[in-house]
Amino acid sequence: MPEIKLEVGMTCEGCAGAVKRILGKLQGVSDVETRVDEKLVIVTTAAEENITGDQLVEQLSKWSAASGKYVKVA
C-alpha cells in the first residue's frame, strides 16, 4: 500500500488527533501515523484510490488556516 509523507506543524497530541481525524475521513486512507516530535505524518492509502499528497494537504487546509500550523508534502 502506498505511503505519503507530510510535514505538519504539530506541536501537541491535540494537533496529532485532529490531523488523524481529518485525514481518516478521506476515502482510500487506511492508516494515519503521526510523529509530533518529527512533525511528520505518514498516510497509508489504498493503491486503487490514487490519492496524492496535494489532496491530503488540501484536506488539511481549513485546519491549517484555523490553527496557524503549516502543512506540506514532505
# chains A, B, ... in the order shown; residues from 1 in each chain; ligands from 1

call {"tool": "select_by_dssp", "arguments": {"residues": "region 11-72 of chain A", "states": "helix (DSSP H, G or I)", "output": "PyMOL selection string"}}
result
chain A and resi 13-24+36-38+47-49+53-59+61-67

call {"tool": "residues_around", "arguments": {"residues": "Ile22 (chain A)", "least_positions_apart": "4", "cutoff": "12 Å", "atoms": "only C-alpha atoms", "output": "PDB file with all heavy atoms, in the first residue's frame"}}
result
ATOM      1  N   CYS A  15      -3.090  18.360  18.260  1.00  0.00           N
ATOM      2  CA  CYS A  15      -2.887  18.582  16.822  1.00  0.00           C
ATOM      3  C   CYS A  15      -2.866  17.242  16.087  1.00  0.00           C
ATOM      4  O   CYS A  15      -3.494  17.083  15.039  1.00  0.00           O
ATOM      5  CB  CYS A  15      -1.557  19.287  16.558  1.00  0.00           C
ATOM      6  SG  CYS A  15      -1.385  20.938  17.219  1.00  0.00           S
ATOM      7  N   ALA A  16      -2.122  16.301  16.642  1.00  0.00           N
ATOM      8  CA  ALA A  16      -1.999  14.984  16.014  1.00  0.00           C
ATOM      9  C   ALA A  16      -3.360  14.308  15.905  1.00  0.00           C
ATOM     10  O   ALA A  16      -3.685  13.713  14.874  1.00  0.00           O
ATOM     11  CB  ALA A  16      -1.035  14.103  16.809  1.00  0.00           C
ATOM     12  N   GLY A  17      -4.175  14.419  16.948  1.00  0.00           N
ATOM     13  CA  GLY A  17      -5.509  13.829  16.924  1.00  0.00           C
ATOM     14  C   GLY A  17      -6.396  14.463  15.861  1.00  0.00           C
ATOM     15  O   GLY A  17      -7.144  13.769  15.172  1.00  0.00           O
ATOM     16  N   ALA A  18      -6.302  15.781  15.724  1.00  0.00           N
ATOM     17  CA  ALA A  18      -7.094  16.473  14.706  1.00  0.00           C
ATOM     18  C   ALA A  18      -6.679  16.031  13.307  1.00  0.00           C
ATOM     19  O   ALA A  18      -7.524  15.761  12.449  1.00  0.00           O
ATOM     20  CB  ALA A  18      -6.935  17.987  14.859  1.00  0.00           C
ATOM     21  N   LEU A  26     -11.075  10.621   4.838  1.00  0.00           N
ATOM     22  CA  LEU A  26     -10.912  10.614   3.385  1.00  0.00           C
ATOM     23  C   LEU A  26     -10.979   9.188   2.847  1.00  0.00           C
ATOM     24  O   LEU A  26     -10.270   8.300   3.338  1.00  0.00           O
ATOM     25  CB  LEU A  26      -9.573  11.255   3.023  1.00  0.00           C
ATOM     26  CG  LEU A  26      -9.303  11.578   1.571  1.00  0.00           C
ATOM     27  CD1 LEU A  26     -10.319  12.587   1.052  1.00  0.00           C
ATOM     28  CD2 LEU A  26      -7.903  12.133   1.410  1.00  0.00           C
ATOM     29  N   GLN A  27     -11.826   8.975   1.865  1.00  0.00           N
ATOM     30  CA  GLN A  27     -11.959   7.645   1.275  1.00  0.00           C
ATOM     31  C   GLN A  27     -10.632   7.201   0.673  1.00  0.00           C
ATOM     32  O   GLN A  27      -9.983   7.956  -0.045  1.00  0.00           O
ATOM     33  CB  GLN A  27     -13.030   7.649   0.184  1.00  0.00           C
ATOM     34  CG  GLN A  27     -13.261   6.278  -0.410  1.00  0.00           C
ATOM     35  CD  GLN A  27     -14.396   6.264  -1.416  1.00  0.00           C
ATOM     36  OE1 GLN A  27     -15.252   7.130  -1.403  1.00  0.00           O
ATOM     37  NE2 GLN A  27     -14.399   5.280  -2.275  1.00  0.00           N
ATOM     38  N   VAL A  29      -7.999   6.275   2.530  1.00  0.00           N
ATOM     39  CA  VAL A  29      -6.960   6.351   3.555  1.00  0.00           C
ATOM     40  C   VAL A  29      -7.180   5.192   4.524  1.00  0.00           C
ATOM     41  O   VAL A  29      -8.243   5.064   5.120  1.00  0.00           O
ATOM     42  CB  VAL A  29      -7.006   7.704   4.304  1.00  0.00           C
ATOM     43  CG1 VAL A  29      -6.096   7.669   5.528  1.00  0.00           C
ATOM     44  CG2 VAL A  29      -6.610   8.836   3.375  1.00  0.00           C
ATOM     45  N   ASP A  31      -4.620   4.249   6.962  1.00  0.00           N
ATOM     46  CA  ASP A  31      -3.936   4.467   8.233  1.00  0.00           C
ATOM     47  C   ASP A  31      -3.280   5.837   8.227  1.00  0.00           C
ATOM     48  O   ASP A  31      -2.814   6.309   7.193  1.00  0.00           O
ATOM     49  CB  ASP A  31      -2.865   3.394   8.462  1.00  0.00           C
ATOM     50  CG  ASP A  31      -2.235   3.486   9.840  1.00  0.00           C
ATOM     51  OD1 ASP A  31      -2.991   3.519  10.836  1.00  0.00           O
ATOM     52  OD2 ASP A  31      -0.998   3.546   9.929  1.00  0.00           O
ATOM     53  N   VAL A  32      -3.271   6.466   9.397  1.00  0.00           N
ATOM     54  CA  VAL A  32      -2.598   7.755   9.574  1.00  0.00           C
ATOM     55  C   VAL A  32      -1.726   7.640  10.813  1.00  0.00           C
ATOM     56  O   VAL A  32      -2.216   7.421  11.910  1.00  0.00           O
ATOM     57  CB  VAL A  32      -3.609   8.916   9.746  1.00  0.00           C
ATOM     58  CG1 VAL A  32      -2.871  10.236   9.941  1.00  0.00           C
ATOM     59  CG2 VAL A  32      -4.563   8.995   8.564  1.00  0.00           C
ATOM     60  N   VAL A  43       0.771   8.732   5.833  1.00  0.00           N
ATOM     61  CA  VAL A  43      -0.578   8.305   5.458  1.00  0.00           C
ATOM     62  C   VAL A  43      -0.464   7.098   4.535  1.00  0.00           C
ATOM     63  O   VAL A  43       0.217   7.159   3.508  1.00  0.00           O
ATOM     64  CB  VAL A  43      -1.336   9.446   4.737  1.00  0.00           C
ATOM     65  CG1 VAL A  43      -2.743   9.001   4.380  1.00  0.00           C
ATOM     66  CG2 VAL A  43      -1.361  10.697   5.604  1.00  0.00           C
ATOM     67  N   LEU A  56      -4.135  15.489   0.172  1.00  0.00           N
ATOM     68  CA  LEU A  56      -4.083  15.430   1.626  1.00  0.00           C
ATOM     69  C   LEU A  56      -3.840  16.815   2.217  1.00  0.00           C
ATOM     70  O   LEU A  56      -4.456  17.186   3.216  1.00  0.00           O
ATOM     71  CB  LEU A  56      -2.992  14.457   2.083  1.00  0.00           C
ATOM     72  CG  LEU A  56      -3.189  13.000   1.660  1.00  0.00           C
ATOM     73  CD1 LEU A  56      -1.992  12.165   2.090  1.00  0.00           C
ATOM     74  CD2 LEU A  56      -4.471  12.418   2.204  1.00  0.00           C
ATOM     75  N   VAL A  57      -2.963  17.596   1.591  1.00  0.00           N
ATOM     76  CA  VAL A  57      -2.713  18.963   2.039  1.00  0.00           C
ATOM     77  C   VAL A  57      -3.998  19.784   1.937  1.00  0.00           C
ATOM     78  O   VAL A  57      -4.345  20.532   2.851  1.00  0.00           O
ATOM     79  CB  VAL A  57      -1.568  19.607   1.218  1.00  0.00           C
ATOM     80  CG1 VAL A  57      -1.486  21.104   1.486  1.00  0.00           C
ATOM     81  CG2 VAL A  57      -0.239  18.929   1.536  1.00  0.00           C
ATOM     82  N   GLU A  58      -4.730  19.626   0.832  1.00  0.00           N
ATOM     83  CA  GLU A  58      -5.999  20.336   0.657  1.00  0.00           C
ATOM     84  C   GLU A  58      -7.000  19.932   1.739  1.00  0.00           C
ATOM     85  O   GLU A  58      -7.730  20.775   2.274  1.00  0.00           O
ATOM     86  CB  GLU A  58      -6.572  20.046  -0.733  1.00  0.00           C
ATOM     87  CG  GLU A  58      -7.923  20.671  -0.989  1.00  0.00           C
ATOM     88  CD  GLU A  58      -7.922  22.190  -0.988  1.00  0.00           C
ATOM     89  OE1 GLU A  58      -6.888  22.786  -1.312  1.00  0.00           O
ATOM     90  OE2 GLU A  58      -8.963  22.780  -0.639  1.00  0.00           O
ATOM     91  N   GLN A  59      -7.022  18.658   2.079  1.00  0.00           N
ATOM     92  CA  GLN A  59      -7.932  18.160   3.123  1.00  0.00           C
ATOM     93  C   GLN A  59      -7.640  18.832   4.468  1.00  0.00           C
ATOM     94  O   GLN A  59      -8.549  19.054   5.262  1.00  0.00           O
ATOM     95  CB  GLN A  59      -7.792  16.632   3.234  1.00  0.00           C
ATOM     96  CG  GLN A  59      -8.807  15.962   4.099  1.00  0.00           C
ATOM     97  CD  GLN A  59     -10.164  15.811   3.429  1.00  0.00           C
ATOM     98  OE1 GLN A  59     -10.317  16.049   2.239  1.00  0.00           O
ATOM     99  NE2 GLN A  59     -11.156  15.418   4.188  1.00  0.00           N
ATOM    100  N   LEU A  60      -6.380  19.159   4.707  1.00  0.00           N
ATOM    101  CA  LEU A  60      -5.983  19.776   5.978  1.00  0.00           C
ATOM    102  C   LEU A  60      -5.960  21.304   5.920  1.00  0.00           C
ATOM    103  O   LEU A  60      -5.642  21.955   6.918  1.00  0.00           O
ATOM    104  CB  LEU A  60      -4.595  19.275   6.386  1.00  0.00           C
ATOM    105  CG  LEU A  60      -4.500  17.825   6.838  1.00  0.00           C
ATOM    106  CD1 LEU A  60      -3.038  17.419   7.031  1.00  0.00           C
ATOM    107  CD2 LEU A  60      -5.284  17.604   8.117  1.00  0.00           C
ATOM    108  N   SER A  61      -6.296  21.898   4.790  1.00  0.00           N
ATOM    109  CA  SER A  61      -6.139  23.347   4.613  1.00  0.00           C
ATOM    110  C   SER A  61      -6.971  24.173   5.591  1.00  0.00           C
ATOM    111  O   SER A  61      -6.492  25.175   6.123  1.00  0.00           O
ATOM    112  CB  SER A  61      -6.442  23.748   3.168  1.00  0.00           C
ATOM    113  OG  SER A  61      -7.796  23.504   2.855  1.00  0.00           O
ATOM    114  N   LYS A  62      -8.203  23.780   5.849  1.00  0.00           N
ATOM    115  CA  LYS A  62      -9.054  24.547   6.769  1.00  0.00           C
ATOM    116  C   LYS A  62      -8.491  24.476   8.195  1.00  0.00           C
ATOM    117  O   LYS A  62      -8.406  25.479   8.892  1.00  0.00           O
ATOM    118  CB  LYS A  62     -10.483  24.021   6.729  1.00  0.00           C
ATOM    119  CG  LYS A  62     -11.467  24.905   7.490  1.00  0.00           C
ATOM    120  CD  LYS A  62     -12.869  24.342   7.500  1.00  0.00           C
ATOM    121  CE  LYS A  62     -13.537  24.562   6.162  1.00  0.00           C
ATOM    122  NZ  LYS A  62     -14.961  24.181   6.197  1.00  0.00           N
ATOM    123  N   TRP A  63      -8.073  23.273   8.618  1.00  0.00           N
ATOM    124  CA  TRP A  63      -7.455  23.118   9.934  1.00  0.00           C
ATOM    125  C   TRP A  63      -6.178  23.942  10.010  1.00  0.00           C
ATOM    126  O   TRP A  63      -5.921  24.623  11.005  1.00  0.00           O
ATOM    127  CB  TRP A  63      -7.161  21.632  10.203  1.00  0.00           C
ATOM    128  CG  TRP A  63      -6.330  21.421  11.431  1.00  0.00           C
ATOM    129  CD1 TRP A  63      -6.770  21.372  12.722  1.00  0.00           C
ATOM    130  CD2 TRP A  63      -4.908  21.258  11.502  1.00  0.00           C
ATOM    131  NE1 TRP A  63      -5.709  21.187  13.580  1.00  0.00           N
ATOM    132  CE2 TRP A  63      -4.554  21.112  12.857  1.00  0.00           C
ATOM    133  CE3 TRP A  63      -3.894  21.223  10.546  1.00  0.00           C
ATOM    134  CZ2 TRP A  63      -3.240  20.931  13.269  1.00  0.00           C
ATOM    135  CZ3 TRP A  63      -2.586  21.038  10.967  1.00  0.00           C
ATOM    136  CH2 TRP A  63      -2.274  20.892  12.305  1.00  0.00           C
ATOM    137  N   SER A  64      -5.378  23.893   8.957  1.00  0.00           N
ATOM    138  CA  SER A  64      -4.114  24.627   8.912  1.00  0.00           C
ATOM    139  C   SER A  64      -4.348  26.129   9.073  1.00  0.00           C
ATOM    140  O   SER A  64      -3.671  26.795   9.866  1.00  0.00           O
ATOM    141  CB  SER A  64      -3.405  24.340   7.586  1.00  0.00           C
ATOM    142  OG  SER A  64      -2.254  25.134   7.455  1.00  0.00           O
TER     143      SER A  64
END

call {"tool": "closest_residue", "arguments": {"among": "A:Thr11, A:Pro2, A:Ala46, A:Gly53", "to": "Lys69 (chain A)", "atoms": "only C-alpha atoms"}}
result
A:Thr11

call {"tool": "select_by_dssp", "arguments": {"residues": "chain A", "states": "strand (DSSP E)", "output": "PyMOL selection string"}}
result
chain A and resi 3-8+29-35+40-45+71-73

call {"tool": "write_last_selection", "arguments": {"atoms": "N, CA, C and O atoms", "output": "short mmCIF file (atom, residue, chain, number, x, y, z; two decimals), in the first residue's frame"}}
result
data_model
loop_
_atom_site.label_atom_id
_atom_site.label_comp_id
_atom_site.auth_asym_id
_atom_site.auth_seq_id
_atom_site.Cartn_x
_atom_site.Cartn_y
_atom_site.Cartn_z
N GLU A 3 2.48 4.91 0.63
CA GLU A 3 2.57 5.82 1.76
C GLU A 3 2.88 7.22 1.25
O GLU A 3 3.68 7.38 0.32
N ILE A 4 2.25 8.20 1.86
CA ILE A 4 2.51 9.60 1.54
C ILE A 4 2.94 10.27 2.84
O ILE A 4 2.27 10.13 3.87
N LYS A 5 4.05 11.00 2.79
CA LYS A 5 4.55 11.68 3.98
C LYS A 5 4.27 13.17 3.86
O LYS A 5 4.48 13.78 2.82
N LEU A 6 3.78 13.72 4.97
CA LEU A 6 3.50 15.15 5.06
C LEU A 6 4.30 15.74 6.21
O LEU A 6 4.49 15.09 7.23
N GLU A 7 4.74 16.96 6.02
CA GLU A 7 5.36 17.72 7.10
C GLU A 7 4.28 18.65 7.64
O GLU A 7 3.72 19.46 6.90
N VAL A 8 3.95 18.49 8.91
CA VAL A 8 2.85 19.23 9.52
C VAL A 8 3.34 19.87 10.82
O VAL A 8 3.97 19.20 11.64
N VAL A 29 -8.00 6.28 2.53
CA VAL A 29 -6.96 6.35 3.56
C VAL A 29 -7.18 5.19 4.52
O VAL A 29 -8.24 5.06 5.12
N SER A 30 -6.16 4.34 4.66
CA SER A 30 -6.32 3.17 5.53
C SER A 30 -5.62 3.35 6.88
O SER A 30 -5.99 2.70 7.84
N ASP A 31 -4.62 4.25 6.96
CA ASP A 31 -3.94 4.47 8.23
C ASP A 31 -3.28 5.84 8.23
O ASP A 31 -2.81 6.31 7.19
N VAL A 32 -3.27 6.47 9.40
CA VAL A 32 -2.60 7.76 9.57
C VAL A 32 -1.73 7.64 10.81
O VAL A 32 -2.22 7.42 11.91
N GLU A 33 -0.41 7.77 10.62
CA GLU A 33 0.54 7.73 11.73
C GLU A 33 1.09 9.14 11.92
O GLU A 33 1.52 9.77 10.95
N THR A 34 1.07 9.63 13.15
CA THR A 34 1.61 10.96 13.43
C THR A 34 2.81 10.85 14.34
O THR A 34 2.85 10.03 15.26
N ARG A 35 3.80 11.68 14.07
CA ARG A 35 5.01 11.77 14.90
C ARG A 35 5.22 13.25 15.23
O ARG A 35 5.85 13.98 14.47
N LEU A 40 5.95 14.93 11.50
CA LEU A 40 5.75 14.06 10.35
C LEU A 40 4.43 13.30 10.47
O LEU A 40 4.06 12.84 11.54
N VAL A 41 3.75 13.21 9.33
CA VAL A 41 2.53 12.41 9.22
C VAL A 41 2.74 11.43 8.08
O VAL A 41 3.15 11.83 6.98
N ILE A 42 2.51 10.15 8.33
CA ILE A 42 2.63 9.12 7.30
C ILE A 42 1.24 8.56 7.05
O ILE A 42 0.61 8.01 7.95
N VAL A 43 0.77 8.73 5.83
CA VAL A 43 -0.58 8.30 5.46
C VAL A 43 -0.46 7.10 4.54
O VAL A 43 0.22 7.16 3.51
N THR A 44 -1.11 6.01 4.91
CA THR A 44 -1.15 4.81 4.08
C THR A 44 -2.47 4.82 3.32
O THR A 44 -3.53 5.01 3.92
N THR A 45 -2.38 4.62 2.01
CA THR A 45 -3.58 4.70 1.17
C THR A 45 -3.77 3.41 0.37
O THR A 45 -2.82 2.65 0.17
N VAL A 71 1.34 22.94 6.63
CA VAL A 71 1.17 21.59 6.09
C VAL A 71 1.78 21.57 4.70
O VAL A 71 1.46 22.42 3.87
N LYS A 72 2.67 20.60 4.44
CA LYS A 72 3.23 20.45 3.10
C LYS A 72 3.65 19.01 2.88
O LYS A 72 3.86 18.26 3.84
N VAL A 73 3.78 18.64 1.63
CA VAL A 73 4.23 17.30 1.29
C VAL A 73 5.71 17.22 1.65
O VAL A 73 6.50 18.12 1.31
#

call {"tool": "closest_residue", "arguments": {"among": "A:Met10, A:Asp37, A:Gln55, A:Lys20", "to": "Gly68 (chain A)", "atoms": "only C-alpha atoms"}}
result
A:Met10

call {"tool": "closest_residue", "arguments": {"among": "A:Ala74, A:Ile51, A:Val36, A:Ala65", "to": "Gly14 (chain A)", "atoms": "only C-alpha atoms"}}
result
A:Val36

call {"tool": "decode", "arguments": {"residues": "region 30-43 of chain A", "atoms": "all heavy atoms", "output": "PDB file, in the first residue's frame"}}
result
ATOM      1  N   SER A  30      -6.163   4.340   4.661  1.00  0.00           N
ATOM      2  CA  SER A  30      -6.316   3.174   5.533  1.00  0.00           C
ATOM      3  C   SER A  30      -5.621   3.349   6.877  1.00  0.00           C
ATOM      4  O   SER A  30      -5.987   2.696   7.844  1.00  0.00           O
ATOM      5  CB  SER A  30      -5.821   1.916   4.836  1.00  0.00           C
ATOM      6  OG  SER A  30      -4.483   2.065   4.433  1.00  0.00           O
ATOM      7  N   ASP A  31      -4.620   4.249   6.962  1.00  0.00           N
ATOM      8  CA  ASP A  31      -3.936   4.467   8.233  1.00  0.00           C
ATOM      9  C   ASP A  31      -3.280   5.837   8.227  1.00  0.00           C
ATOM     10  O   ASP A  31      -2.814   6.309   7.193  1.00  0.00           O
ATOM     11  CB  ASP A  31      -2.865   3.394   8.462  1.00  0.00           C
ATOM     12  CG  ASP A  31      -2.235   3.486   9.840  1.00  0.00           C
ATOM     13  OD1 ASP A  31      -2.991   3.519  10.836  1.00  0.00           O
ATOM     14  OD2 ASP A  31      -0.998   3.546   9.929  1.00  0.00           O
ATOM     15  N   VAL A  32      -3.271   6.466   9.397  1.00  0.00           N
ATOM     16  CA  VAL A  32      -2.598   7.755   9.574  1.00  0.00           C
ATOM     17  C   VAL A  32      -1.726   7.640  10.813  1.00  0.00           C
ATOM     18  O   VAL A  32      -2.216   7.421  11.910  1.00  0.00           O
ATOM     19  CB  VAL A  32      -3.609   8.916   9.746  1.00  0.00           C
ATOM     20  CG1 VAL A  32      -2.871  10.236   9.941  1.00  0.00           C
ATOM     21  CG2 VAL A  32      -4.563   8.995   8.564  1.00  0.00           C
ATOM     22  N   GLU A  33      -0.415   7.766  10.622  1.00  0.00           N
ATOM     23  CA  GLU A  33       0.541   7.731  11.727  1.00  0.00           C
ATOM     24  C   GLU A  33       1.092   9.136  11.917  1.00  0.00           C
ATOM     25  O   GLU A  33       1.518   9.775  10.949  1.00  0.00           O
ATOM     26  CB  GLU A  33       1.679   6.769  11.399  1.00  0.00           C
ATOM     27  CG  GLU A  33       2.760   6.715  12.455  1.00  0.00           C
ATOM     28  CD  GLU A  33       3.945   5.858  12.054  1.00  0.00           C
ATOM     29  OE1 GLU A  33       3.851   5.091  11.083  1.00  0.00           O
ATOM     30  OE2 GLU A  33       4.982   5.981  12.737  1.00  0.00           O
ATOM     31  N   THR A  34       1.073   9.632  13.152  1.00  0.00           N
ATOM     32  CA  THR A  34       1.606  10.961  13.426  1.00  0.00           C
ATOM     33  C   THR A  34       2.814  10.854  14.341  1.00  0.00           C
ATOM     34  O   THR A  34       2.849  10.031  15.258  1.00  0.00           O
ATOM     35  CB  THR A  34       0.548  11.862  14.091  1.00  0.00           C
ATOM     36  OG1 THR A  34       0.073  11.228  15.270  1.00  0.00           O
ATOM     37  CG2 THR A  34      -0.621  12.130  13.152  1.00  0.00           C
ATOM     38  N   ARG A  35       3.800  11.682  14.068  1.00  0.00           N
ATOM     39  CA  ARG A  35       5.007  11.773  14.902  1.00  0.00           C
ATOM     40  C   ARG A  35       5.216  13.248  15.235  1.00  0.00           C
ATOM     41  O   ARG A  35       5.848  13.981  14.468  1.00  0.00           O
ATOM     42  CB  ARG A  35       6.215  11.211  14.170  1.00  0.00           C
ATOM     43  CG  ARG A  35       6.077   9.744  13.818  1.00  0.00           C
ATOM     44  CD  ARG A  35       7.292   9.251  13.083  1.00  0.00           C
ATOM     45  NE  ARG A  35       7.079   7.893  12.604  1.00  0.00           N
ATOM     46  CZ  ARG A  35       7.892   7.288  11.753  1.00  0.00           C
ATOM     47  NH1 ARG A  35       8.961   7.914  11.278  1.00  0.00           N
ATOM     48  NH2 ARG A  35       7.630   6.051  11.368  1.00  0.00           N
ATOM     49  N   VAL A  36       4.667  13.662  16.355  1.00  0.00           N
ATOM     50  CA  VAL A  36       4.701  15.072  16.732  1.00  0.00           C
ATOM     51  C   VAL A  36       6.133  15.584  16.840  1.00  0.00           C
ATOM     52  O   VAL A  36       6.449  16.673  16.353  1.00  0.00           O
ATOM     53  CB  VAL A  36       3.932  15.305  18.056  1.00  0.00           C
ATOM     54  CG1 VAL A  36       4.060  16.742  18.514  1.00  0.00           C
ATOM     55  CG2 VAL A  36       2.472  14.923  17.896  1.00  0.00           C
ATOM     56  N   ASP A  37       7.022  14.809  17.468  1.00  0.00           N
ATOM     57  CA  ASP A  37       8.403  15.255  17.668  1.00  0.00           C
ATOM     58  C   ASP A  37       9.153  15.471  16.360  1.00  0.00           C
ATOM     59  O   ASP A  37      10.046  16.306  16.279  1.00  0.00           O
ATOM     60  CB  ASP A  37       9.156  14.263  18.563  1.00  0.00           C
ATOM     61  CG  ASP A  37       9.168  12.850  18.024  1.00  0.00           C
ATOM     62  OD1 ASP A  37       8.215  12.462  17.319  1.00  0.00           O
ATOM     63  OD2 ASP A  37      10.123  12.111  18.321  1.00  0.00           O
ATOM     64  N   GLU A  38       8.770  14.755  15.310  1.00  0.00           N
ATOM     65  CA  GLU A  38       9.401  14.896  13.995  1.00  0.00           C
ATOM     66  C   GLU A  38       8.580  15.781  13.057  1.00  0.00           C
ATOM     67  O   GLU A  38       9.002  16.024  11.931  1.00  0.00           O
ATOM     68  CB  GLU A  38       9.570  13.522  13.341  1.00  0.00           C
ATOM     69  CG  GLU A  38      10.471  12.584  14.096  1.00  0.00           C
ATOM     70  CD  GLU A  38      10.520  11.206  13.451  1.00  0.00           C
ATOM     71  OE1 GLU A  38      10.666  11.131  12.218  1.00  0.00           O
ATOM     72  OE2 GLU A  38      10.387  10.210  14.191  1.00  0.00           O
ATOM     73  N   LYS A  39       7.401  16.201  13.509  1.00  0.00           N
ATOM     74  CA  LYS A  39       6.458  16.974  12.690  1.00  0.00           C
ATOM     75  C   LYS A  39       6.157  16.240  11.381  1.00  0.00           C
ATOM     76  O   LYS A  39       6.090  16.817  10.300  1.00  0.00           O
ATOM     77  CB  LYS A  39       6.988  18.384  12.420  1.00  0.00           C
ATOM     78  CG  LYS A  39       7.264  19.137  13.718  1.00  0.00           C
ATOM     79  CD  LYS A  39       7.133  20.588  13.565  1.00  0.00           C
ATOM     80  CE  LYS A  39       7.399  21.367  14.829  1.00  0.00           C
ATOM     81  NZ  LYS A  39       6.628  21.014  15.984  1.00  0.00           N
ATOM     82  N   LEU A  40       5.947  14.928  11.505  1.00  0.00           N
ATOM     83  CA  LEU A  40       5.754  14.056  10.354  1.00  0.00           C
ATOM     84  C   LEU A  40       4.432  13.302  10.468  1.00  0.00           C
ATOM     85  O   LEU A  40       4.056  12.844  11.538  1.00  0.00           O
ATOM     86  CB  LEU A  40       6.905  13.042  10.289  1.00  0.00           C
ATOM     87  CG  LEU A  40       6.902  12.049   9.143  1.00  0.00           C
ATOM     88  CD1 LEU A  40       7.122  12.758   7.801  1.00  0.00           C
ATOM     89  CD2 LEU A  40       7.986  11.003   9.358  1.00  0.00           C
ATOM     90  N   VAL A  41       3.747  13.209   9.327  1.00  0.00           N
ATOM     91  CA  VAL A  41       2.530  12.408   9.221  1.00  0.00           C
ATOM     92  C   VAL A  41       2.745  11.434   8.079  1.00  0.00           C
ATOM     93  O   VAL A  41       3.147  11.835   6.981  1.00  0.00           O
ATOM     94  CB  VAL A  41       1.289  13.291   8.938  1.00  0.00           C
ATOM     95  CG1 VAL A  41       0.048  12.430   8.740  1.00  0.00           C
ATOM     96  CG2 VAL A  41       1.070  14.287  10.068  1.00  0.00           C
ATOM     97  N   ILE A  42       2.506  10.153   8.329  1.00  0.00           N
ATOM     98  CA  ILE A  42       2.633   9.116   7.303  1.00  0.00           C
ATOM     99  C   ILE A  42       1.236   8.562   7.053  1.00  0.00           C
ATOM    100  O   ILE A  42       0.610   8.010   7.954  1.00  0.00           O
ATOM    101  CB  ILE A  42       3.604   8.003   7.730  1.00  0.00           C
ATOM    102  CG1 ILE A  42       4.976   8.599   8.040  1.00  0.00           C
ATOM    103  CG2 ILE A  42       3.688   6.930   6.637  1.00  0.00           C
ATOM    104  CD1 ILE A  42       5.936   7.639   8.700  1.00  0.00           C
ATOM    105  N   VAL A  43       0.771   8.732   5.833  1.00  0.00           N
ATOM    106  CA  VAL A  43      -0.578   8.305   5.458  1.00  0.00           C
ATOM    107  C   VAL A  43      -0.464   7.098   4.535  1.00  0.00           C
ATOM    108  O   VAL A  43       0.217   7.159   3.508  1.00  0.00           O
ATOM    109  CB  VAL A  43      -1.336   9.446   4.737  1.00  0.00           C
ATOM    110  CG1 VAL A  43      -2.743   9.001   4.380  1.00  0.00           C
ATOM    111  CG2 VAL A  43      -1.361  10.697   5.604  1.00  0.00           C
TER     112      VAL A  43
END
